[in-house]
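Enquirer: The file below is query.csv, CSV, C-alpha atoms:
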chain,number,residue,atom,x,y,z
A,1,MET,CA,115.6,-151.1,-49.7
A,2,GLY,CA,117.9,-153.6,-48.0
A,3,SER,CA,121.6,-153.5,-48.2
A,4,PRO,CA,123.0,-155.9,-50.9
A,5,SER,CA,125.4,-157.3,-48.3
A,6,VAL,CA,122.6,-158.1,-45.9
A,7,SER,CA,120.6,-159.8,-48.6
A,8,THR,CA,123.6,-161.8,-49.8
A,9,HIS,CA,124.3,-162.9,-46.2
A,10,ARG,CA,120.7,-164.0,-45.7
A,11,GLY,CA,120.8,-166.0,-48.9
A,12,LEU,CA,124.1,-167.6,-47.9
A,13,VAL,CA,122.7,-168.6,-44.5
A,14,HIS,CA,119.6,-170.2,-46.1
A,15,TRP,CA,121.7,-172.2,-48.6
A,16,GLN,CA,124.0,-173.3,-45.8
A,17,GLY,CA,121.0,-174.5,-44.0
A,18,LEU,CA,119.7,-176.4,-47.0
A,19,LEU,CA,123.1,-178.0,-47.4
A,20,LEU,CA,123.1,-179.1,-43.8
A,21,VAL,CA,119.7,-180.6,-44.3
A,22,VAL,CA,120.9,-182.6,-47.3
A,23,LEU,CA,124.1,-183.8,-45.5
A,24,LEU,CA,122.2,-184.8,-42.3
A,25,LEU,CA,119.6,-186.7,-44.4
A,26,ASN,CA,122.5,-188.9,-45.6
A,27,PHE,CA,123.6,-189.7,-42.0
A,28,TRP,CA,120.4,-189.8,-40.0
A,29,ASN,CA,119.4,-193.4,-40.8
A,30,GLN,CA,119.3,-195.1,-37.5
A,31,PRO,CA,115.9,-195.9,-36.0
A,32,THR,CA,115.1,-195.6,-32.3
A,33,THR,CA,112.6,-196.9,-29.8
A,34,ALA,CA,111.6,-193.3,-28.8
A,35,GLN,CA,108.2,-192.2,-30.0
A,36,VAL,CA,106.9,-189.0,-31.7
A,37,THR,CA,103.4,-188.0,-32.9
A,38,VAL,CA,102.0,-185.1,-34.8
A,39,GLU,CA,98.6,-183.7,-33.9
A,40,SER,CA,96.3,-183.5,-36.9
A,41,ILE,CA,94.2,-180.4,-37.0
A,42,ASN,CA,91.4,-178.7,-38.8
A,43,ALA,CA,91.8,-174.9,-39.4
A,44,LEU,CA,90.0,-172.0,-41.0
A,45,GLU,CA,91.5,-170.0,-43.9
A,46,GLY,CA,93.5,-166.9,-42.8
A,47,LYS,CA,94.4,-168.3,-39.4
A,48,ASP,CA,97.9,-169.2,-38.0
A,49,VAL,CA,98.2,-172.9,-37.4
A,50,ARG,CA,100.5,-175.0,-35.3
A,51,LEU,CA,101.2,-178.6,-36.2
A,52,ARG,CA,102.3,-179.7,-32.7
A,53,ILE,CA,104.5,-182.6,-32.0
A,54,ARG,CA,104.8,-184.8,-28.9
A,55,HIS,CA,107.9,-186.9,-28.4
A,56,THR,CA,109.6,-189.0,-25.7
A,57,ALA,CA,113.2,-188.2,-26.7
A,58,PRO,CA,115.4,-186.8,-23.9
A,59,LYS,CA,117.1,-184.5,-26.2
A,60,ALA,CA,116.5,-183.6,-29.9
A,61,THR,CA,119.2,-181.9,-32.1
A,62,GLY,CA,117.1,-181.2,-35.1
A,63,PHE,CA,113.5,-181.0,-36.5
A,64,LEU,CA,113.0,-181.3,-40.3
A,65,TRP,CA,109.5,-180.8,-41.7
A,66,TYR,CA,108.3,-182.1,-45.1
A,67,ARG,CA,105.2,-181.6,-47.2
A,68,GLY,CA,103.8,-185.0,-47.9
A,69,GLU,CA,105.1,-188.4,-46.9
A,70,ASN,CA,108.4,-188.4,-48.7
A,71,ILE,CA,111.6,-187.5,-46.8
A,72,ASP,CA,114.0,-185.9,-49.2
A,73,SER,CA,115.5,-182.5,-49.9
A,74,TYR,CA,112.8,-181.7,-52.5
A,75,SER,CA,110.0,-182.1,-50.0
A,76,ASN,CA,111.7,-180.3,-47.1
A,77,ILE,CA,109.8,-177.1,-46.2
A,78,ALA,CA,111.3,-176.0,-42.9
A,79,TYR,CA,113.9,-177.0,-40.4
A,80,LEU,CA,115.5,-176.3,-37.1
A,81,LEU,CA,119.0,-177.7,-36.3
A,82,VAL,CA,120.3,-177.3,-32.8
A,83,ASN,CA,123.5,-178.8,-31.3
A,84,PRO,CA,126.7,-177.4,-29.8
A,85,ALA,CA,128.1,-176.6,-33.2
A,86,ILE,CA,125.2,-175.1,-35.1
A,87,HIS,CA,121.8,-173.4,-34.6
A,88,VAL,CA,120.1,-173.0,-38.0
A,89,ARG,CA,116.4,-172.2,-38.7
A,90,GLY,CA,114.9,-171.9,-42.1
A,91,PRO,CA,113.6,-171.1,-44.6
A,92,PRO,CA,114.0,-167.3,-44.2
A,93,SER,CA,110.6,-166.4,-45.8
A,94,GLY,CA,108.8,-166.4,-42.4
A,95,GLN,CA,105.5,-168.1,-43.3
A,96,LEU,CA,106.8,-171.5,-42.2
A,97,ILE,CA,108.6,-171.6,-38.9
A,98,VAL,CA,109.9,-174.5,-36.8
A,99,GLU,CA,109.5,-173.4,-33.2
A,100,ASP,CA,111.9,-174.3,-30.4
A,101,ASP,CA,109.8,-177.3,-29.4
A,102,GLY,CA,109.8,-178.7,-32.9
A,103,SER,CA,106.2,-177.7,-33.8
A,104,LEU,CA,105.6,-176.2,-37.2
A,105,LEU,CA,103.9,-172.8,-37.4
A,106,ILE,CA,102.2,-172.0,-40.7
A,107,LYS,CA,101.0,-168.3,-40.9
A,108,ASN,CA,97.9,-167.2,-42.8
A,109,VAL,CA,96.9,-170.7,-44.0
A,110,THR,CA,95.0,-171.2,-47.2
A,111,MET,CA,93.2,-174.2,-48.7
A,112,LYS,CA,96.4,-175.0,-50.6
A,113,HIS,CA,98.1,-175.9,-47.3
A,114,SER,CA,95.7,-178.9,-46.7
A,115,GLY,CA,97.5,-182.2,-46.8
A,116,ILE,CA,100.0,-184.5,-45.0
A,117,TYR,CA,103.0,-183.1,-43.2
A,118,THR,CA,105.9,-185.3,-42.0
A,119,VAL,CA,108.5,-184.4,-39.3
A,120,LEU,CA,111.9,-186.0,-38.8
A,121,VAL,CA,113.3,-185.6,-35.3
A,122,GLN,CA,117.0,-186.0,-35.0
A,123,LEU,CA,118.4,-187.4,-31.8
A,124,GLU,CA,121.9,-187.7,-30.4
A,125,GLY,CA,123.9,-190.7,-31.7
A,126,CYS,CA,122.6,-190.5,-35.3
A,127,GLN,CA,119.1,-191.8,-34.3
A,128,LYS,CA,115.8,-190.4,-35.7
A,129,MET,CA,112.1,-190.4,-35.2
A,130,ILE,CA,109.5,-189.9,-37.9
A,131,ALA,CA,105.8,-189.1,-37.7
A,132,CYS,CA,103.2,-187.5,-39.9
A,133,GLY,CA,99.9,-185.6,-39.4
A,134,GLN,CA,97.1,-184.2,-41.4
A,135,LEU,CA,96.1,-180.5,-41.9
A,136,ASP,CA,92.7,-179.8,-43.3
A,137,VAL,CA,91.9,-176.1,-44.1
A,138,TYR,CA,88.3,-174.9,-44.6
A,139,SER,CA,87.0,-171.7,-46.0
A,140,LEU,CA,85.2,-169.3,-43.7
A,141,MET,CA,81.5,-169.9,-44.4
A,142,ARG,CA,79.1,-167.2,-45.4
A,143,VAL,CA,75.7,-167.2,-43.9
A,144,PRO,CA,73.5,-169.4,-46.1
A,145,THR,CA,70.6,-167.8,-48.0
A,146,LEU,CA,67.3,-169.8,-48.5
A,147,LEU,CA,65.0,-169.0,-51.4
A,148,ALA,CA,61.9,-170.6,-52.7
A,149,SER,CA,60.1,-170.9,-56.0
A,150,ASN,CA,57.0,-169.7,-54.3
A,151,THR,CA,56.1,-169.0,-50.7
A,152,THR,CA,52.3,-169.1,-51.1
A,153,VAL,CA,51.0,-172.3,-52.5
A,154,THR,CA,47.8,-174.3,-52.8
A,155,GLU,CA,47.3,-177.7,-51.0
A,156,ASN,CA,47.4,-180.8,-53.3
A,157,LYS,CA,47.8,-178.6,-56.3
A,158,ASP,CA,51.2,-176.8,-56.2
A,159,ALA,CA,54.8,-177.9,-55.7
A,160,VAL,CA,57.6,-175.8,-54.2
A,161,VAL,CA,61.3,-175.9,-54.6
A,162,MET,CA,63.6,-174.3,-52.0
A,163,THR,CA,67.3,-173.7,-52.6
A,164,CYS,CA,70.0,-173.2,-50.1
A,165,TYR,CA,72.8,-170.9,-51.3
A,166,THR,CA,76.1,-171.5,-49.5
A,167,ASN,CA,79.8,-172.0,-50.1
A,168,ALA,CA,79.8,-175.1,-47.7
A,169,ASP,CA,79.5,-178.7,-48.9
A,170,SER,CA,77.5,-180.0,-45.9
A,171,ILE,CA,73.9,-178.9,-45.5
A,172,GLN,CA,71.1,-179.9,-43.1
A,173,TRP,CA,67.4,-178.8,-43.3
A,174,PHE,CA,65.1,-177.7,-40.5
A,175,PHE,CA,61.3,-177.3,-40.3
A,176,ASN,CA,59.9,-175.2,-37.4
A,177,GLY,CA,63.2,-175.5,-35.6
A,178,THR,CA,63.6,-179.3,-35.8
A,179,ARG,CA,65.4,-181.6,-38.3
A,180,LEU,CA,63.3,-182.0,-41.4
A,181,LYS,CA,61.9,-185.5,-42.1
A,182,LEU,CA,62.0,-186.7,-45.7
A,183,THR,CA,59.1,-188.5,-47.2
A,184,GLU,CA,57.9,-189.6,-50.6
A,185,ARG,CA,56.6,-186.0,-51.1
A,186,ILE,CA,59.6,-184.2,-49.5
A,187,LYS,CA,62.9,-184.9,-51.2
A,188,LEU,CA,66.4,-183.5,-51.4
A,189,SER,CA,68.7,-183.2,-54.4
A,190,CYS,CA,71.9,-185.3,-54.3
A,191,ASP,CA,73.9,-182.3,-53.1
A,192,ARG,CA,71.2,-181.5,-50.5
A,193,ARG,CA,71.0,-177.9,-51.8
A,194,ASN,CA,67.5,-178.2,-53.2
A,195,LEU,CA,64.4,-179.3,-51.3
A,196,LYS,CA,61.3,-180.2,-53.3
A,197,ILE,CA,57.8,-180.7,-51.8
A,198,ASP,CA,55.4,-182.2,-54.3
A,199,PRO,CA,52.5,-181.8,-53.8
A,200,VAL,CA,52.3,-179.4,-50.9
A,201,GLN,CA,49.9,-180.2,-48.1
A,202,ARG,CA,48.6,-178.2,-45.2
A,203,GLU,CA,51.0,-179.7,-42.7
A,204,ASP,CA,53.9,-178.4,-44.7
A,205,ALA,CA,53.1,-174.8,-43.7
A,206,GLY,CA,55.7,-173.2,-41.4
A,207,ASP,CA,59.3,-172.0,-41.2
A,208,TYR,CA,62.1,-173.6,-43.1
A,209,GLN,CA,65.8,-173.2,-42.6
A,210,CYS,CA,69.0,-174.7,-44.0
A,211,LYS,CA,72.2,-175.1,-42.0
A,212,ALA,CA,75.6,-175.1,-43.6
A,213,PHE,CA,78.6,-176.5,-41.8
A,214,ASN,CA,82.1,-177.9,-41.9
A,215,PRO,CA,84.3,-179.3,-39.1
A,216,ARG,CA,85.3,-175.7,-38.0
A,217,ASN,CA,82.1,-173.6,-38.2
A,218,SER,CA,78.4,-173.6,-39.0
A,219,ASP,CA,75.5,-171.2,-39.6
A,220,LYS,CA,71.8,-171.2,-40.3
A,221,SER,CA,69.8,-169.3,-42.9
A,222,ALA,CA,67.1,-166.9,-41.9
A,223,PRO,CA,63.7,-168.6,-41.6
A,224,LEU,CA,61.6,-168.8,-44.8
A,225,LYS,CA,57.9,-169.0,-44.2
A,226,LEU,CA,55.7,-171.2,-46.4
A,227,ASP,CA,52.0,-170.4,-46.5
A,228,VAL,CA,49.6,-173.2,-47.7
A,229,LYS,CA,46.1,-172.3,-48.9
A,230,LEU,CA,43.3,-174.8,-48.9
A,231,GLU,CA,41.5,-175.7,-52.1
Please express the file's structure as structure tokens.
Expert:
Amino acid sequence: MGSPSVSTHRGLVHWQGLLLVVLLLNFWNQPTTAQVTVESINALEGKDVRLRIRHTAPKATGFLWYRGENIDSYSNIAYLLVNPAIHVRGPPSGQLIVEDDGSLLIKNVTMKHSGIYTVLVQLEGCQKMIACGQLDVYSLMRVPTLLASNTTVTENKDAVVMTCYTNADSIQWFFNGTRLKLTERIKLSCDRRNLKIDPVQREDAGDYQCKAFNPRNSDKSAPLKLDVKLE
């Protein structure tokens, strides 16, 4: 259990940092011709993510990060203030850290971290630069499972429905290793999770797979073999 004096000191440092943020927001209102950009990024849940910044300023004295597009004390999530008088980094929780180059490190991201992030870079002479970037967090996909209403059917008599079970939103279908071509008989549901063949014909016999994917990862189901008997 930590010492009460240490805990009190940490809390005091954090509140002093927040007070500095509020005070500096009131004074940092001069635009500049220098440029800053934030690299948007896609990430997987559970990973550590860096929102990197690039800027042309010769010397920065502070980096303030905000959740969303508003720049105010209520939206501020992390900061680093550096000049000859002060060197303050916050908040003290440790999940959000402004690194020495001004990039924002977010540890163990979740879907809730998805959204817009804005950085304000303070320069000498009460000038500032502002930019924003997008963070999209995706869940780690499970290997999709493909099941069918029946795997042995009769030509021109039976219909078959295949269902792709996955936690991903984007799905592609494959037949004998190549992209499945849709026809009047072969149709997908609106969410692309269900494939219906009605009626089944002999050329439909073979291996079917579904592929689930997002911008960060993808995976295919095991092949499902469809046997077609002739009348």
Enquirer: For Val200 of chain A, find every residue with an atom within 9 Å (counting only C-alpha atoms), except residues of its own chain fewer than 3 positions away, and show them as a list in words.
Expert: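 Non-adjacent residues within range: Val153, Thr154, Glu155, Asn156, Lys157, Asp158, Ala159, Val160, Arg185, Ile186, Ile197, Glu203, Asp204, Ala205 and Val228 of chain A.
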Enquirer: Which one of A:Ala60, A:Met141, A:Leu135, A:Leu195 sits closest to Val36 of chain A if you count only C-alpha atoms?
Expert: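 Smallest separation from Val36 of chain A among the options: A:Ala60.
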Enquirer: Have a look at A:Ile41, A:Leu105, A:Met111, A:Val143 and name the one nearest to Ile171 of chain A; count all atoms listed in the file.
Expert: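 Closest candidate: A:Val143.
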Enquirer: Restricting the calculation to only C-alpha atoms, which member of A:Gln95, A:Asn217, A:Thr61, A:Asn76 is positioned closest to Thr118 of chain A?
Expert: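 Going through A:Gln95, A:Asn217, A:Thr61, A:Asn76 one by one, the smallest distance to Thr118 of chain A is for A:Asn76.
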Enquirer: Smallest atom-to-atom distance to Val137 of chain A: which of A:His55, A:Lys47, A:Lys229, A:Lys220, using only C-alpha atoms?
Expert: A:Lys47
Enquirer: Choose the residue, out of A:Tyr79, A:Trp173, A:Phe213, A:Tyr138, that has the smallest atom-to-atom separation from Gly62 of chain A; count only C-alpha atoms.
Expert: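 Smallest distance to Gly62 of chain A is found for A:Tyr79.
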Enquirer: If we count only C-alpha atoms, what is near Cys210 of chain A at a cut-off of 8 Å, once residues fewer than 2 positions away on the same chain are taken out, given as a PyMOL selection string?
Expert: chain A and resi 144+146+164+171-174+208+212+220-221
Enquirer: Mind writing the picked residues with C-alpha atoms as an mmCIF file, keeping the file's coordinate frame?
Expert:
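part17.cif, freshly written:
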data_model
loop_
_atom_site.group_PDB
_atom_site.id
_atom_site.type_symbol
_atom_site.label_atom_id
_atom_site.label_comp_id
_atom_site.auth_asym_id
_atom_site.auth_seq_id
_atom_site.Cartn_x
_atom_site.Cartn_y
_atom_site.Cartn_z
ATOM 1 C CA PRO A 144 73.500 -169.400 -46.100
ATOM 2 C CA LEU A 146 67.300 -169.800 -48.500
ATOM 3 C CA CYS A 164 70.000 -173.200 -50.100
ATOM 4 C CA ILE A 171 73.900 -178.900 -45.500
ATOM 5 C CA GLN A 172 71.100 -179.900 -43.100
ATOM 6 C CA TRP A 173 67.400 -178.800 -43.300
ATOM 7 C CA PHE A 174 65.100 -177.700 -40.500
ATOM 8 C CA TYR A 208 62.100 -173.600 -43.100
ATOM 9 C CA ALA A 212 75.600 -175.100 -43.600
ATOM 10 C CA LYS A 220 71.800 -171.200 -40.300
ATOM 11 C CA SER A 221 69.800 -169.300 -42.900
#
Enquirer: With distances taken over only C-alpha atoms, which residue among A:Cys132, A:Val49, A:Ile106, A:Val88 lies nearest Ile71 of chain A?
Expert: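 Selected residue with least distance to Ile71 of chain A: A:Cys132.
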Enquirer: Which centre and which edge lengths, in Å to one decimal, describe the axis-aligned box that holds all listed atoms of segment 82-101 of chain A after 8 Å is added on each side, as lines of an AutoDock Vina configuration file?
Expert:
center_x = 116.8
center_y = -172.6
center_z = -37.6
size_x = 38.6
size_y = 28.4
size_z = 32.4
Enquirer: When you draw a straight line from atom CA of Pro92 of chain A to atom CA of Leu64 of chain A, how long is it in Å?
Expert: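 Separation between atom CA of Pro92 of chain A and atom CA of Leu64 of chain A: 14.6 Å.
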Enquirer: Quick one: distance from atom CA of Gly90 of chain A to atom CA of Ile77 of chain A in Å, one decimal?
Expert: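 Rounded to one decimal, the two atoms are 8.4 Å apart.
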Enquirer: At what distance in Å, to one decimal, does atom CA of Met129 of chain A lie from atom CA of Val109 of chain A?
Expert: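 It comes out at 26.4 Å.
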Enquirer: Neighbours of Thr110 of chain A within 10 Å (all atoms listed in the file; same-chain residues fewer than 3 positions away dropped), as a list in words?
Expert: Ala43, Leu44, Glu45, Gly46, Lys47, Asp48, Ile106, Lys107, His113, Ser114, Asp136, Val137, Tyr138 and Ser139 of chain A
Enquirer: So that I can see what lies close to Gly177 of chain A, please list as a ChimeraX atom specification the residues with an atom at most 10 Å from it, counting only C-alpha atoms and leaving out residues fewer than 5 positions away in the same chain.
Expert: /A:206-209,223
Enquirer: Take the residues from that selection and write them out as a PDB file, in the frame of the given file, keeping C-alpha atoms.
Expert:
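Generated file (again-v8.pdb):
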ATOM      1  CA  GLY A 206      55.700-173.200 -41.400  1.00  0.00           C
ATOM      2  CA  ASP A 207      59.300-172.000 -41.200  1.00  0.00           C
ATOM      3  CA  TYR A 208      62.100-173.600 -43.100  1.00  0.00           C
ATOM      4  CA  GLN A 209      65.800-173.200 -42.600  1.00  0.00           C
ATOM      5  CA  PRO A 223      63.700-168.600 -41.600  1.00  0.00           C
TER       6      PRO A 223
END
Enquirer: Residues near Arg193 of chain A, anyone? I mean within 8 Å using only C-alpha atoms, not counting same-chain ones fewer than 3 positions away, as a PyMOL selection string.
Expert: chain A and resi 163-165+171+188-190
Enquirer: Store the residues picked out above in a file with C-alpha atoms, as a compact mmCIF listing (two decimals), in the frame of the given file.
Expert:
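Output file part06.txt follows:
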# COMPACT_ATOMS: atom_id res chain seq x y z
CA THR A 163 67.30 -173.70 -52.60
CA CYS A 164 70.00 -173.20 -50.10
CA TYR A 165 72.80 -170.90 -51.30
CA ILE A 171 73.90 -178.90 -45.50
CA LEU A 188 66.40 -183.50 -51.40
CA SER A 189 68.70 -183.20 -54.40
CA CYS A 190 71.90 -185.30 -54.30
